[in-house]
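K.L.:
Input: one structure, supplied below.
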Amino acid sequence: MTTTAWLVFLLVTAYTIWDGVRRTIGSKTMEGFFAAGRNIPWWAAGLSVMATQLSAITLIGGVGMGYEGGLEWVQFYFALPFAMVILCIWFVPMYRQHPILTAYEYLERRFGPVTRTLTSFTFLISRCLAFAVVLYAPAVVFSAMTGIPITPMVVATGIVTTAYTVAGGVGGVVWTDVKQMGLIVVGILGCLLLLLWDTVGQLGFGGVFAALGACGKLNAVEVTNPTWTLAPATDAAGEATSFWSDKYNLWTGLFGTLFLFLSYFGCDQVQVQSLLSSKSVDASRRALLLSAFTKVPLQLLVLFLGGLLFLHHGLAQEPLLFDPDHQARAAALAEPQRDPFSAAAAAHERARGERREALLQVATGDAAAIPRLQQATIAAAAARSDARKLVQPAKDRQKDGNYIFTDYLFREVPKPLLGLMIAAIFAAAISSAAGALSSLTSASMVDFYRRWLAPDADETRAVRTSRIVMTFWGLAATGFAVTLGDGPLLEKVNEIGSFFYGSILGVFLLALFVRRADGRAASAGLLGGLLATFAVHGTMHIAFLWYNLIGAAACVGIGALVAMLPRRG
Amino acid sequence: MAPASSHDPGDARPPFGSWPRTYAMSMVLAVVVILLLWLLTAYGNTPLGSAR
């Protein structure tokens, strides 16, 4: 990175954080610290919900997914508006009828202290591991691109996040999220304009869409897949695919993710804290709907950016390897592997030339060139895959999707825009981390410290303790992130939330819709849902999105059954 | 601490006059967006490997 890029990055980041935190610094009450005095406007709460959900890896990985897989990932978000409407109707009034500070506080009023404590504890387990990954994952990518070691990068991210969250509380997080969301949108639009300028200039506006469609990149809705079978594949280690193991299609998008979003936006304190901070029931509803209807267009923009980058590389020079670690390994290849690597590089070069020629023909309306374009596209991707396998034998480290966007940023965009984009990606990282940090602290303080350890603590003491607990969580997660190591855990841990989300959602569904359910039924449902999810994971090959539905259904089913049992006494 | 008010004086009216109408419009809009994306896929996309 040049001095200009560093300067833009540092100035933009410092301004964003300062302007967010100055509004709420020095809160003296728990409601002020954890709910911003219930004074956040609906649009700010909505933007905060979006910023918290959009992590750095979602942003840079999203462009990579658009580059490699087209628009198919957008299906993941199809259920979001439906989930938000359900949350607006049932969950928002449930939370806002009492002045609560955590989602789990409501459960004590409905089921008693045991269910509240169990659910909050489940949340803390699932969230604290994810928090470390949110800090670690972007540092891996930036370390590879800048050459700065991972540890100082993780430590800097952790300290910045902890400092501004401790200073501003949830209000500071929300107002910083608003600025960060604006920064992310400006950065994405800047890159989009740059790539449009280049690709439309060479192919024409219609030509860009014709070329994207001919390469299979306009695949926003996938209804069927010829390799599907309806019976779940039981071999978790095998490559067998079934309806249940396919992650991105219309049906997982509508039904699998519906339960994920209900749980994430409706029962996860990370998101619920923004809703509890807004001014009223109506403000919380507006915030959710704002988030629902801006998320899909934003995700489309990110994926479209990936598609344009694919065309840009197709017309110019596509790197054979995007990951700097792969490039370094390629340079140091031993003799036996050098020949096959050179063959893969030559195959890539040939396919790239054919693809460029076919792209230009397709853009002029020559449909006869589409089969040639597809063959060249498949051949170029296969050559890249072969090259990656040769330089990196470890299967879980062969993917390079997260480096496609950063490679472009560091090599090609003007330095001020590079600084702005790095600030945007850093903003995405720290906004997600800050949301996790404040929610971990509010659950620890409200559901454990104030409930069990110091119920009589006055507000000043409770807020002071909250800041200490928050600092502890921030430093502990930073320390944990430093020791994570770049291995399979990083890939797997993103799915860990889905092991817990469904069961937590099930407890809230029992509270809302099963009148007979009591604390005993809810606790049994929660444990049963968790067991069912882990059992399915251990025995079947099912995409993790379905775990949310499985956990929720098992929790509600078991809870409803227990509720029908006669009560003692 | 008082319970939160159900209405925000600054945003007295729901976006489409009433909340039920707002929810209905939201779901219709979501379905329209999915349909438009399906049309884009059906008429603008050639699945990779399918062209002969």
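So you can find residues: chains in the structure tokens are A, B, ... in the order shown, residues in each start at 1, and ligands are numbered from 1 in order.
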Taking only C-alpha atoms into account, report as a ChimeraX atom specification which residues of chain A lie within 8 Å of chain B.

P.N.:
/A:38,78,81-82,85,96-99,209-210,212-221,279-283,370-371,374-375,378

K.L.:
So that I can see what lies close to region 398-409 of chain A, please list as a ChimeraX atom specification the residues with an atom at most 7 Å from it, counting only C-alpha atoms and leaving out residues fewer than 3 positions away in the same chain.

P.N.:
/A:60-61,63-65,141,322-323,388-389,392,394-395,412-413,418

K.L.:
Using only C-alpha atoms, find the one residue out of A:Val223, A:Ala380, A:Val507, A:Ala367 that sits nearest to Gln317 (chain A).

P.N.:
A:Ala380

K.L.:
Have a look at A:Ser284, A:Ser439, A:Thr117, A:Ser27 and name the one nearest to Thr460 (chain A); count only C-alpha atoms.

P.N.:
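Smallest distance to Thr460 (chain A) is found for A:Ser27.
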
K.L.:
I want to know what sits within 12 Å of Ala156 (chain A), based on only C-alpha atoms, with residues of the same chain fewer than 3 positions away left out; could you give that as a count of residues only?

P.N.:
23

K.L.:
Could you give me, as a list of chain:residue names, the residues within 7 Å of region 166-172 of chain A, counting only C-alpha atoms and dropping anything in the same chain fewer than 6 positions from it?

P.N.:
A:Gly20, A:Val21, A:Arg23, A:Thr24, A:Ile25, A:Gly26, A:Phe33, A:Phe34, A:Ala35, A:Ala36, A:Ser438, A:Arg467, A:Met470, A:Thr471

K.L.:
Using only C-alpha atoms, which residues sit within 10 Å of Leu203 (chain A) once same-chain residues fewer than 6 positions away are excluded, as number ranges by chain?

P.N.:
A: 209-211, 311, 315, 359-364

K.L.:
Include N, CA, C and O atoms and write out the residues we just selected as a PDB file, in the first residue's frame.

P.N.:
```pdb
ATOM      1  N   PHE A 209     -24.042  -7.606 -20.546  1.00  0.00           N
ATOM      2  CA  PHE A 209     -25.057  -8.557 -20.057  1.00  0.00           C
ATOM      3  C   PHE A 209     -25.067  -9.834 -20.896  1.00  0.00           C
ATOM      4  O   PHE A 209     -25.232 -10.930 -20.369  1.00  0.00           O
ATOM      5  N   ALA A 210     -24.887  -9.680 -22.227  1.00  0.00           N
ATOM      6  CA  ALA A 210     -24.855 -10.868 -23.093  1.00  0.00           C
ATOM      7  C   ALA A 210     -23.684 -11.774 -22.696  1.00  0.00           C
ATOM      8  O   ALA A 210     -23.821 -13.001 -22.605  1.00  0.00           O
ATOM      9  N   ALA A 211     -22.531 -11.133 -22.434  1.00  0.00           N
ATOM     10  CA  ALA A 211     -21.338 -11.925 -22.086  1.00  0.00           C
ATOM     11  C   ALA A 211     -21.498 -12.589 -20.716  1.00  0.00           C
ATOM     12  O   ALA A 211     -21.147 -13.756 -20.538  1.00  0.00           O
ATOM     13  N   LEU A 311     -15.368 -10.401 -16.186  1.00  0.00           N
ATOM     14  CA  LEU A 311     -15.252  -9.904 -17.570  1.00  0.00           C
ATOM     15  C   LEU A 311     -13.970  -9.098 -17.746  1.00  0.00           C
ATOM     16  O   LEU A 311     -13.275  -9.211 -18.752  1.00  0.00           O
ATOM     17  N   LEU A 315     -11.090  -9.981 -20.388  1.00  0.00           N
ATOM     18  CA  LEU A 315     -10.674  -9.123 -21.497  1.00  0.00           C
ATOM     19  C   LEU A 315      -9.214  -8.701 -21.391  1.00  0.00           C
ATOM     20  O   LEU A 315      -8.625  -8.276 -22.371  1.00  0.00           O
ATOM     21  N   LEU A 359     -15.552 -13.872 -26.068  1.00  0.00           N
ATOM     22  CA  LEU A 359     -16.271 -12.821 -25.335  1.00  0.00           C
ATOM     23  C   LEU A 359     -16.620 -11.661 -26.264  1.00  0.00           C
ATOM     24  O   LEU A 359     -17.755 -11.161 -26.263  1.00  0.00           O
ATOM     25  N   LEU A 360     -15.628 -11.223 -27.042  1.00  0.00           N
ATOM     26  CA  LEU A 360     -15.843 -10.090 -27.940  1.00  0.00           C
ATOM     27  C   LEU A 360     -16.896 -10.437 -28.995  1.00  0.00           C
ATOM     28  O   LEU A 360     -17.722  -9.606 -29.366  1.00  0.00           O
ATOM     29  N   GLN A 361     -16.893 -11.702 -29.458  1.00  0.00           N
ATOM     30  CA  GLN A 361     -17.878 -12.112 -30.468  1.00  0.00           C
ATOM     31  C   GLN A 361     -19.285 -12.165 -29.866  1.00  0.00           C
ATOM     32  O   GLN A 361     -20.244 -11.687 -30.471  1.00  0.00           O
ATOM     33  N   VAL A 362     -19.402 -12.752 -28.673  1.00  0.00           N
ATOM     34  CA  VAL A 362     -20.718 -12.848 -28.013  1.00  0.00           C
ATOM     35  C   VAL A 362     -21.274 -11.451 -27.762  1.00  0.00           C
ATOM     36  O   VAL A 362     -22.461 -11.199 -27.939  1.00  0.00           O
ATOM     37  N   ALA A 363     -20.397 -10.514 -27.377  1.00  0.00           N
ATOM     38  CA  ALA A 363     -20.850  -9.152 -27.072  1.00  0.00           C
ATOM     39  C   ALA A 363     -21.414  -8.456 -28.303  1.00  0.00           C
ATOM     40  O   ALA A 363     -22.251  -7.559 -28.186  1.00  0.00           O
ATOM     41  N   THR A 364     -20.988  -8.881 -29.493  1.00  0.00           N
ATOM     42  CA  THR A 364     -21.536  -8.257 -30.702  1.00  0.00           C
ATOM     43  C   THR A 364     -22.822  -8.954 -31.163  1.00  0.00           C
ATOM     44  O   THR A 364     -23.367  -8.637 -32.205  1.00  0.00           O
TER      45      THR A 364
END
```

K.L.:
Taking only region 109-279 of chain A into account, list the residues labelled helix (DSSP H, G or I) by DSSP (computed from the backbone), as a count of residues only.

P.N.:
128

K.L.:
Quick one: of A:Asp177, A:Glu72, A:Glu335, A:Glu105, who's nearest to Gly307 (chain A), counting only C-alpha atoms?

P.N.:
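Residue with the minimum atom-to-atom distance to Gly307 (chain A): A:Glu72.
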